[in-house]
Amino acid sequence: MARLLLVFNSVALLLFGTDMFLVGANRPPAPVNVSVMNVKADSVTVSWEVPEGEVIIGFSILQQRQDGRMQRFIREINTTSRACVLWDLEEETGYVVQVQSIGLYGESQASERVHFKTLNKSDRFPSNSSNQDDPTVQGLDKSRNLQTGEMIIIVVVLLMWAAVIALFCRQYDIIKDNDNSNSKEKVKPLSERSTPEHHSGGLLRSKFHQSVPSINIIEV
């Protein structure tokens, strides 16, 4: 009985060890080139790379303050993203991050620890050529370019509308002047036909003037 129990335990340990070995062999490798970019007072962007040919379905990030007072785990599956933005950070505080790749058979070992410190709210984002590769920065640049292009289009449209309105007003004044001139020309013959002499009867009096008898007085 003791021998049977010993054989059973040996087989169980062998199976468990084989399973652990297979699982460990199928785990994806740890992410490499982990870096922190776009450092601000309350957020940073963490990016990493994975070896080619590996099937990665997600990632897991461990965020911790350097004093060890706070930890945060971020886990996302069904994504091919190689970057993540960490929000709600405290200003002028040191942090440590580690990234793990999630494969079909488990998670990889944690990457190397990366240290960074957030900025003060009054500090501006430092200009760094390496930040040009940050997808967040590229997205901001594209949005700014789009806003500039939209403003140019709006200004051009407003200028065109102003030109159309000015042209319409000018044509309206010309048409109005022409209408006034035509109305004056039409009124002029009527005024000639209805002269004051005709209405007042002066013309009739000039044609039918009554003769006034003249008296000649001759003194003797």
# chains A, B, ... in the order shown; residues from 1 in each chain; ligands from 1

$ residues_around --residues "Leu62 (chain A)" --least-positions-apart "5" --cutoff "6 Å" --atoms "only C-alpha atoms" --output "list in words"
Arg72, Phe73, Val97 and Gln98 of chain A

$ atom_distance --atom1 "CA of His115 (chain A)" --atom2 "CA of Thr93 (chain A)"
10.6 Å

$ closest_residue --among "A:Ile61, A:Met151, A:Leu159, A:Val32" --to "Trp48 (chain A)" --atoms "only C-alpha atoms"
A:Val32

$ atom_distance --atom1 "CA of Ser108 (chain A)" --atom2 "CA of Ser81 (chain A)"
16.2 Å

$ atom_distance --atom1 "CA of Val114 (chain A)" --atom2 "CA of Ile56 (chain A)"
21.3 Å

$ residues_around --residues "Pro28 (chain A)" --least-positions-apart "2" --cutoff "7 Å" --atoms "only C-alpha atoms" --output "ChimeraX atom specification"
/A:26,30,54,101,103,107-108

$ residues_around --residues "region 33-40 of chain A" --least-positions-apart "3" --cutoff "6 Å" --atoms "only C-alpha atoms" --output "PyMOL selection string"
chain A and resi 43-49+118-119
